[in-house]
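For reference, the structure is listed below as structure tokens.
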Amino acid sequence: MKDVIISELKQKYGEEMTAKMFAYMGKILAANEHINLTAVREEDEFLEKHILDSLTCNDCDEFKAAEVVVDMGTGGGFPGIPLAITNPDKTFVLADSLNKRLKIIEQFAAELCIDNIELLHIRAEDMGQNPAYREKADICVSRAVASLDVLSELCLPLVRKGGYFISYKGDGAEDEFDVAKRAISILGGKLDRIEKPSLKNAYISGHCLLLVKKVAHTPKRFPRKAGAAKKSPIR
């Protein structure tokens, strides 16, 4: 399966970008022996769940038009690093609250000459209230494991009016949106659509994309202090 996926990546993104993504995978899997960056241990599964899955944004017109993209809760660099490799014309801000992970990403990105990224050690709540980042991004993406109402409070404040918050979600995305609908509206968003990737292969790991358009400015009181969104989601 690995050879088929790599062949398809080369067809779509070329030899150099594919080689960088494959090299990044190798570095993450090697580092994973010492620090927990991902539960995925095998290359086939990594290509499916981290590389292909991250790249699904590339098929969205809204993402294609973006210049500044925030990856909230980047973890081991997903979806931010594969997207940065395949979109060298865009600027990516990879934010995470765990600096140890960011240091590893920084080292690997430097070794692979991925220079269109900014790594930011910060809590989402603090980033959303920081004038340098608040309502500055064209797109905020997140594969973080949190409910959509919580993620919306952490991500929508970063998106400019007219931009998009794109959340990677699995089964039950429609149900999550129903629960989060009021929170999204209060935060200045409106669901544009739920998009299921139209890849020709069957390797994708099941995520669809919820595209929330920023139609109004986020009230200044959001995001609330650290932990408040999870403890008491907007309902």
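Going by the structure tokens order, chains are called A, B, ..., each with residues numbered from 1, while ligands are numbered from 1 in the order shown.
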Using DSSP on the backbone coordinates, identify all residues within region 151-191 of chain A classified as strand (DSSP E); present the result as a PDB file with N, CA and C atoms, in the first residue's frame.
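selection.pdb, written as the output of this step:
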ATOM      1  N   VAL A 159      -9.577  33.849  13.295  1.00  0.00           N
ATOM      2  CA  VAL A 159      -9.893  33.966  11.871  1.00  0.00           C
ATOM      3  C   VAL A 159     -10.473  35.347  11.562  1.00  0.00           C
ATOM      4  N   ARG A 160      -9.977  35.955  10.491  1.00  0.00           N
ATOM      5  CA  ARG A 160     -10.505  37.250  10.057  1.00  0.00           C
ATOM      6  C   ARG A 160     -11.924  37.070   9.521  1.00  0.00           C
ATOM      7  N   LYS A 161     -12.687  38.145   9.523  1.00  0.00           N
ATOM      8  CA  LYS A 161     -14.021  38.119   8.928  1.00  0.00           C
ATOM      9  C   LYS A 161     -13.878  37.796   7.442  1.00  0.00           C
ATOM     10  N   GLY A 162     -14.628  36.804   6.983  1.00  0.00           N
ATOM     11  CA  GLY A 162     -14.522  36.339   5.607  1.00  0.00           C
ATOM     12  C   GLY A 162     -13.639  35.119   5.455  1.00  0.00           C
ATOM     13  N   GLY A 163     -12.873  34.792   6.518  1.00  0.00           N
ATOM     14  CA  GLY A 163     -12.019  33.612   6.495  1.00  0.00           C
ATOM     15  C   GLY A 163     -12.774  32.375   6.957  1.00  0.00           C
ATOM     16  N   TYR A 164     -12.024  31.291   7.185  1.00  0.00           N
ATOM     17  CA  TYR A 164     -12.656  30.015   7.513  1.00  0.00           C
ATOM     18  C   TYR A 164     -11.927  29.285   8.637  1.00  0.00           C
ATOM     19  N   PHE A 165     -12.719  28.632   9.476  1.00  0.00           N
ATOM     20  CA  PHE A 165     -12.211  27.630  10.413  1.00  0.00           C
ATOM     21  C   PHE A 165     -12.549  26.275   9.806  1.00  0.00           C
ATOM     22  N   ILE A 166     -11.530  25.442   9.593  1.00  0.00           N
ATOM     23  CA  ILE A 166     -11.726  24.118   9.008  1.00  0.00           C
ATOM     24  C   ILE A 166     -11.363  23.069  10.051  1.00  0.00           C
ATOM     25  N   SER A 167     -12.360  22.310  10.458  1.00  0.00           N
ATOM     26  CA  SER A 167     -12.173  21.276  11.480  1.00  0.00           C
ATOM     27  C   SER A 167     -12.230  19.893  10.837  1.00  0.00           C
ATOM     28  N   TYR A 168     -11.212  19.083  11.122  1.00  0.00           N
ATOM     29  CA  TYR A 168     -11.179  17.696  10.652  1.00  0.00           C
ATOM     30  C   TYR A 168     -11.999  16.860  11.636  1.00  0.00           C
ATOM     31  N   LYS A 169     -13.042  16.234  11.143  1.00  0.00           N
ATOM     32  CA  LYS A 169     -13.912  15.445  12.011  1.00  0.00           C
ATOM     33  C   LYS A 169     -14.232  14.092  11.387  1.00  0.00           C
ATOM     34  N   GLY A 189     -19.429  32.743  13.534  1.00  0.00           N
ATOM     35  CA  GLY A 189     -19.288  31.799  12.436  1.00  0.00           C
ATOM     36  C   GLY A 189     -20.613  31.294  11.896  1.00  0.00           C
ATOM     37  N   LYS A 190     -20.530  30.660  10.747  1.00  0.00           N
ATOM     38  CA  LYS A 190     -21.686  30.035  10.123  1.00  0.00           C
ATOM     39  C   LYS A 190     -21.186  28.850   9.306  1.00  0.00           C
ATOM     40  N   LEU A 191     -21.815  27.683   9.503  1.00  0.00           N
ATOM     41  CA  LEU A 191     -21.384  26.503   8.758  1.00  0.00           C
ATOM     42  C   LEU A 191     -21.602  26.729   7.271  1.00  0.00           C
TER      43      LEU A 191
END
Write out as a VMD selection string which residues come within 9 Å of Phe22 (chain A) when counting only C-alpha atoms, dropping same-chain ones fewer than 4 positions away. chain A and resid 6 17 to 18 26 to 27 47 51
Report as a Markdown table: every residue of region 95-146 of chain A with an atom at most 10 Å from region 34-45 of chain A, its closest pair of atoms, and their distance in Å to one decimal, counting only C-alpha atoms, with rows sorted by chain and ascending residue number.
| residue | atom | partner | partner_atom | distance |
| --- | --- | --- | --- | --- |
| A:Lys100 | CA | A:Ile35 | CA | 8.8 |
| A:Arg101 | CA | A:Leu37 | CA | 7.1 |
| A:Ile104 | CA | A:Leu37 | CA | 9.5 |
From a DSSP pass on the backbone, collect the residues of region 34-177 of chain A flagged as helix (DSSP H, G or I) and hand them back as a ChimeraX atom specification. /A:43-59,61-64,80-86,99-111,124-128,148-158,173-177
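With only C-alpha atoms as the basis for measurement, A:Ile28 is the residue among A:Phe92, A:Ile28, A:Ala229, A:His50 that approaches Ile105 (chain A) most closely.
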Pick from A:Gly80, A:Gly172, A:Pro131, A:Gly188 nearest to Glu153 (chain A), counting only C-alpha atoms: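 Among A:Gly80, A:Gly172, A:Pro131, A:Gly188, it is A:Gly188 that comes nearest to Glu153 (chain A).
Distances to His207 (chain A) were evaluated for A:Leu102, A:Val68, A:Leu55, A:Leu9 using only C-alpha atoms, and the minimum falls at A:Leu55.
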Contacts of Glu16 (chain A) within 12 Å, only C-alpha atoms, excl. fewer than 3 positions in-chain, as an MDAnalysis selection string: chainID A and resid 6 9:13 19:23 85:86 112:114
Based on the selection just made, write C-alpha atoms of those residues as an mmCIF file, in the first residue's frame.
data_model
loop_
_atom_site.group_PDB
_atom_site.id
_atom_site.type_symbol
_atom_site.label_atom_id
_atom_site.label_comp_id
_atom_site.auth_asym_id
_atom_site.auth_seq_id
_atom_site.Cartn_x
_atom_site.Cartn_y
_atom_site.Cartn_z
ATOM 1 C CA ILE A 6 3.741 7.405 -2.618
ATOM 2 C CA LEU A 9 1.545 11.678 -3.991
ATOM 3 C CA LYS A 10 4.299 12.024 -6.592
ATOM 4 C CA GLN A 11 1.708 12.375 -9.334
ATOM 5 C CA LYS A 12 -0.087 15.166 -7.499
ATOM 6 C CA TYR A 13 2.772 16.973 -5.711
ATOM 7 C CA ALA A 19 10.343 13.128 -0.619
ATOM 8 C CA LYS A 20 10.094 15.835 2.063
ATOM 9 C CA MET A 21 6.845 14.402 3.431
ATOM 10 C CA PHE A 22 8.324 10.898 3.468
ATOM 11 C CA ALA A 23 11.479 12.162 5.196
ATOM 12 C CA ILE A 85 5.412 21.409 2.331
ATOM 13 C CA THR A 86 2.780 21.362 -0.416
ATOM 14 C CA LEU A 112 14.244 19.608 5.647
ATOM 15 C CA CYS A 113 14.369 23.337 4.762
ATOM 16 C CA ILE A 114 10.683 23.911 5.497
#
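Taking CA of Arg143 (chain A) as the reference point, CA of Leu52 (chain A) is found at 13.0 Å.
The coordinates place CA of Gly14 (chain A) at 14.1 Å from CA of Leu83 (chain A).
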Using only C-alpha atoms, which of A:Leu156, A:Ala66, A:Ala124, A:Val141 sits nearest Ala228 (chain A)? A:Ala124
Leaving out Glu174 (chain A) and any residue of its chain fewer than 6 positions from it, which residues lie within 10 Å of it when counting only C-alpha atoms, given as number ranges by chain? A: 180, 194, 210
